[in-house]
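Next up, protein.txt (compact mmCIF, C-alpha atoms):
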# COMPACT_ATOMS: atom_id res chain seq x y z
CA MET A 1 86.49 192.18 200.37
CA ALA A 2 83.87 193.42 197.90
CA ILE A 3 84.94 195.84 195.20
CA SER A 4 82.84 198.40 193.38
CA LYS A 5 81.41 197.95 189.89
CA ASP A 6 83.68 200.73 188.59
CA ARG A 7 86.77 199.01 190.02
CA LYS A 8 85.68 195.70 188.47
CA ASP A 9 85.27 197.40 185.07
CA GLU A 10 88.70 199.00 185.48
CA LEU A 11 90.34 195.66 186.33
CA LEU A 12 88.56 193.89 183.47
CA ALA A 13 89.83 196.53 181.02
CA GLN A 14 93.35 196.19 182.45
CA TYR A 15 93.30 192.37 182.17
CA THR A 16 91.93 192.54 178.62
CA GLU A 17 94.66 194.95 177.56
CA LEU A 18 97.38 192.81 179.16
CA LEU A 19 96.00 189.66 177.51
CA ASN A 20 95.91 191.36 174.10
CA ASP A 21 99.48 192.66 174.47
CA SER A 22 101.10 189.53 175.90
CA ARG A 23 102.53 186.53 174.09
CA ALA A 24 101.90 184.13 176.97
CA ILE A 25 100.12 184.12 180.33
CA PHE A 26 101.50 182.31 183.39
CA MET A 27 99.33 181.50 186.41
CA THR A 28 100.85 181.08 189.86
CA GLU A 29 99.52 180.56 193.34
CA TYR A 30 101.03 182.92 195.89
CA LYS A 31 99.67 181.86 199.30
CA GLY A 32 101.53 183.43 202.21
CA MET A 33 103.93 185.55 200.14
CA ASN A 34 104.81 188.81 201.87
CA VAL A 35 104.88 192.20 200.16
CA LYS A 36 108.68 192.39 200.08
CA LYS A 37 108.97 189.08 198.19
CA MET A 38 106.12 190.04 195.86
CA GLU A 39 107.90 193.30 194.98
CA ALA A 40 111.17 191.40 194.40
CA LEU A 41 109.30 189.04 192.07
CA ARG A 42 107.70 191.96 190.20
CA ASP A 43 111.16 193.50 189.72
CA GLU A 44 112.51 190.23 188.30
CA VAL A 45 109.49 189.88 186.01
CA ALA A 46 109.97 193.46 184.79
CA LYS A 47 113.60 192.64 183.92
CA ALA A 48 112.25 189.79 181.76
CA ASP A 49 109.96 192.34 180.05
CA GLY A 50 106.83 191.00 181.68
CA ARG A 51 104.09 192.15 184.03
CA PHE A 52 102.96 190.40 187.19
CA HIS A 53 99.58 191.10 188.79
CA ILE A 54 97.44 189.56 191.47
CA THR A 55 94.27 188.82 189.56
CA LYS A 56 90.64 188.25 190.46
CA ASN A 57 89.76 184.83 189.06
CA THR A 58 86.24 185.70 187.90
CA LEU A 59 87.38 188.85 186.12
CA LEU A 60 90.34 187.05 184.56
CA LYS A 61 87.96 184.35 183.23
CA ILE A 62 85.77 187.05 181.66
CA ALA A 63 88.83 188.76 180.13
CA LEU A 64 90.04 185.40 178.77
CA GLU A 65 86.62 184.83 177.17
CA GLN A 66 86.61 188.33 175.65
CA THR A 67 90.07 187.83 174.13
CA ASP A 68 89.33 184.31 172.79
CA HIS A 69 91.84 182.56 175.07
CA PRO A 70 91.13 179.13 176.52
CA ILE A 71 89.92 179.18 180.11
CA PRO A 72 91.96 176.95 182.42
CA ALA A 73 89.19 176.44 184.99
CA GLU A 74 91.22 173.86 186.93
CA ILE A 75 94.10 176.35 187.29
CA LEU A 76 92.05 179.41 188.23
CA LYS A 77 91.27 178.36 191.79
CA GLY A 78 92.63 179.92 194.95
CA GLN A 79 94.87 182.98 195.20
CA ILE A 80 96.17 183.47 191.67
CA ALA A 81 98.78 185.90 190.42
CA THR A 82 99.29 186.15 186.70
CA GLY A 83 102.46 186.83 184.74
CA PHE A 84 102.13 188.37 181.30
CA ALA A 85 105.02 187.89 178.83
CA MET A 86 105.24 191.04 176.74
CA ASN A 87 108.15 189.81 174.60
CA GLU A 88 110.28 186.73 175.23
CA VAL A 89 108.19 183.92 176.63
CA PRO A 90 111.11 181.70 177.77
CA ALA A 91 112.67 184.59 179.72
CA LEU A 92 109.54 185.10 181.82
CA ALA A 93 109.05 181.34 182.21
CA LYS A 94 112.61 181.02 183.53
CA THR A 95 112.10 183.92 185.96
CA LEU A 96 108.92 182.40 187.38
CA VAL A 97 110.30 178.84 187.54
CA ASP A 98 113.46 180.03 189.31
CA PHE A 99 111.46 182.12 191.78
CA ALA A 100 109.08 179.23 192.51
CA LYS A 101 112.07 176.99 193.24
CA SER A 102 113.53 179.53 195.68
CA ASP A 103 110.27 180.42 197.45
CA GLU A 104 107.83 177.73 198.61
CA ASN A 105 105.04 180.34 198.90
CA MET A 106 104.77 180.58 195.12
CA VAL A 107 103.62 177.59 193.09
CA LEU A 108 103.36 177.47 189.31
CA ARG A 109 99.91 176.39 188.18
CA GLY A 110 100.21 176.52 184.38
CA ALA A 111 100.20 178.85 181.40
CA ILE A 112 98.47 179.76 178.18
CA LEU A 113 100.61 179.98 175.05
CA SER A 114 99.33 180.28 171.47
CA GLY A 115 95.80 179.34 172.47
CA ARG A 116 96.95 176.24 174.34
CA ILE A 117 96.93 175.53 178.07
CA LEU A 118 100.36 174.39 179.29
CA SER A 119 101.02 172.17 182.28
CA VAL A 120 103.64 172.98 184.93
CA GLU A 121 106.02 170.50 183.27
CA GLU A 122 105.63 172.25 179.93
CA VAL A 123 106.29 175.63 181.57
CA GLU A 124 109.46 174.21 183.12
CA ALA A 125 110.55 172.89 179.70
CA LEU A 126 109.83 176.31 178.20
CA ALA A 127 112.03 177.90 180.87
CA LYS A 128 114.97 175.77 179.69
CA LEU A 129 114.86 177.18 176.16
CA PRO A 130 117.59 179.69 175.28
CA SER A 131 116.72 183.37 175.05
CA LEU A 132 116.25 185.08 171.70
CA ASP A 133 119.69 186.73 171.99
CA GLN A 134 121.33 183.36 172.68
CA LEU A 135 119.55 181.83 169.67
CA ARG A 136 120.71 184.70 167.48
CA GLY A 137 124.29 184.20 168.68
CA GLN A 138 124.12 180.48 167.94
CA LEU A 139 122.67 181.13 164.50
CA ILE A 140 125.38 183.68 163.66
CA GLY A 141 127.99 181.19 164.85
CA LEU A 142 126.54 178.51 162.58
CA ILE A 143 126.42 180.87 159.62
CA ASN A 144 129.90 182.26 160.31
CA ALA A 145 131.66 178.90 160.81
CA PRO A 146 131.75 177.81 157.12
CA ALA A 147 132.98 181.25 156.03
CA THR A 148 135.73 181.14 158.65
CA ASN A 149 136.73 177.64 157.50
CA ILE A 150 136.83 178.72 153.84
CA ALA A 151 138.94 181.77 154.69
CA SER A 152 141.32 179.57 156.67
CA ILE A 153 141.67 177.06 153.83
CA ILE A 154 142.32 179.81 151.27
CA THR A 155 144.85 181.51 153.56
CA ASN A 156 146.69 178.22 154.13
CA GLY A 157 146.71 177.48 150.37
CA VAL A 158 148.08 180.94 149.55
CA ARG A 159 150.68 180.60 152.31
CA GLN A 160 151.84 177.26 150.85
CA VAL A 161 152.15 178.74 147.34
CA ILE A 162 154.16 181.68 148.74
CA ASN A 163 156.43 179.27 150.64
CA VAL A 164 157.05 177.23 147.45
CA ILE A 165 157.81 180.40 145.42
CA ASP A 166 160.09 181.68 148.22
CA ALA A 167 161.95 178.36 148.40
CA TYR A 168 162.34 178.31 144.60
CA ALA A 169 163.63 181.92 144.62
CA LYS A 170 166.14 181.09 147.36
CA SER A 171 167.32 178.00 145.45
CA GLU A 172 167.74 180.14 142.29
CA GLU A 173 169.75 182.72 144.29
CA ALA A 174 171.92 179.95 145.74
CA ALA A 175 172.47 178.50 142.24
CA GLU A 176 173.48 181.92 140.87
CA ALA A 177 175.83 182.55 143.78
CA ALA A 178 177.63 179.24 143.21
Exercise: express the given structure as structure tokens:
Amino acid sequence: MAISKDRKDELLAQYTELLNDSRAIFMTEYKGMNVKKMEALRDEVAKADGRFHITKNTLLKIALEQTDHPIPAEILKGQIATGFAMNEVPALAKTLVDFAKSDENMVLRGAILSGRILSVEEVEALAKLPSLDQLRGQLIGLINAPATNIASIITNGVRQVINVIDAYAKSEEAAEAA
């Protein structure tokens, strides 16, 4: 179905803005996906702080050129829907990989991250990375572990000194009583 010049300009501006604001772009093929499943996917993508749009390949190519992104010509064929990661890239990758595994109508085609085109395998590897919150938790655990160990060692040392002093005091009391 042909669209008007004004609508094309509007879509191009939208794609350009999304490309400028996103940290990564994921391309998927969505043949045969019904509206209900597409809405469910959009909800999941929104939870991962991303956006998911059915894109016009020619306009997306132009927007990629205008924003100095590489153009994955081999990926941009057929019915393409594009996911835009607004914050955490692994979170959106995981959402899309999981959805593609559960629904045969959606197929991952690839991604663009830091000016590099990623294969499907690389997207799947990206999806296995921990989230930013999990990484922060692990880092805090690593930082906190030595301090906890030091506190434990000091507490045990102090406890031993107190036990020795207490035993000596009790032996002195027993000696005085005898």
Extract, using all atoms listed in the file, all DNA, RNA and protein residues at most 7 Å from range 46-63 of chain A, discarding same-chain residues fewer than 3 positions from it, and format them as a list in words.
Leu12, Tyr15, Thr16, Arg42, Asp43, Gln66, Thr67, Ile71, Leu76, Ile80, Ala81, Thr82, Gly83, Phe84, Ala85, Met86, Asn87, Ala91 and Leu92 of chain A
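Between CA of Val45 in chain A and CA of Arg136 in chain A there is a distance of 22.3 Å.
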To one decimal place, how far is CA of Leu19 in chain A from CA of Leu118 in chain A in Å?
16.0 Å
Residue neighbourhood range 28-37 of chain A, 6 Å, only C-alpha atoms, exclusion window fewer than 3 positions, as a list in words:
Ala40, Gln79, Ile80, Ala81, Asn105, Met106, Val107, Leu108 and Arg109 of chain A
Determine the nearest neighbour of Pro72 in chain A from the options A:Arg23, A:Arg159, A:Arg116, A:Lys128, counting all atoms listed in the file.
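Selected residue with least distance to Pro72 in chain A: A:Arg116.
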Around range 95-105 of chain A, fit a box with edges along x, y and z, padding it by 8 Å on each side, then list its centre and edge lengths in Å to one decimal as JSON.
{"center_x": 109.3, "center_y": 180.5, "center_z": 192.4, "size_x": 24.5, "size_y": 22.9, "size_z": 28.9}
Interatomic distance, CA of Val89 in chain A to CA of Lys77 in chain A (Å, one decimal)
23.4 Å
Tell me which of A:Ile112, A:Val97, A:Ala151, A:Leu142 sits closest to Ala127 in chain A, counting only C-alpha atoms.
A:Val97
Selected residue of minimal separation from Gly110 in chain A among A:Val158, A:Ile140, A:Met27, A:Ala147, counting all atoms listed in the file:
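Checking each of A:Val158, A:Ile140, A:Met27, A:Ala147 against Gly110 in chain A, counting all atoms listed in the file, the winner is A:Met27.
With distances restricted to all atoms listed in the file, A:Pro70 is the closest residue to Ile25 in chain A from A:Gly157, A:Gly141, A:Pro70, A:Gly78.
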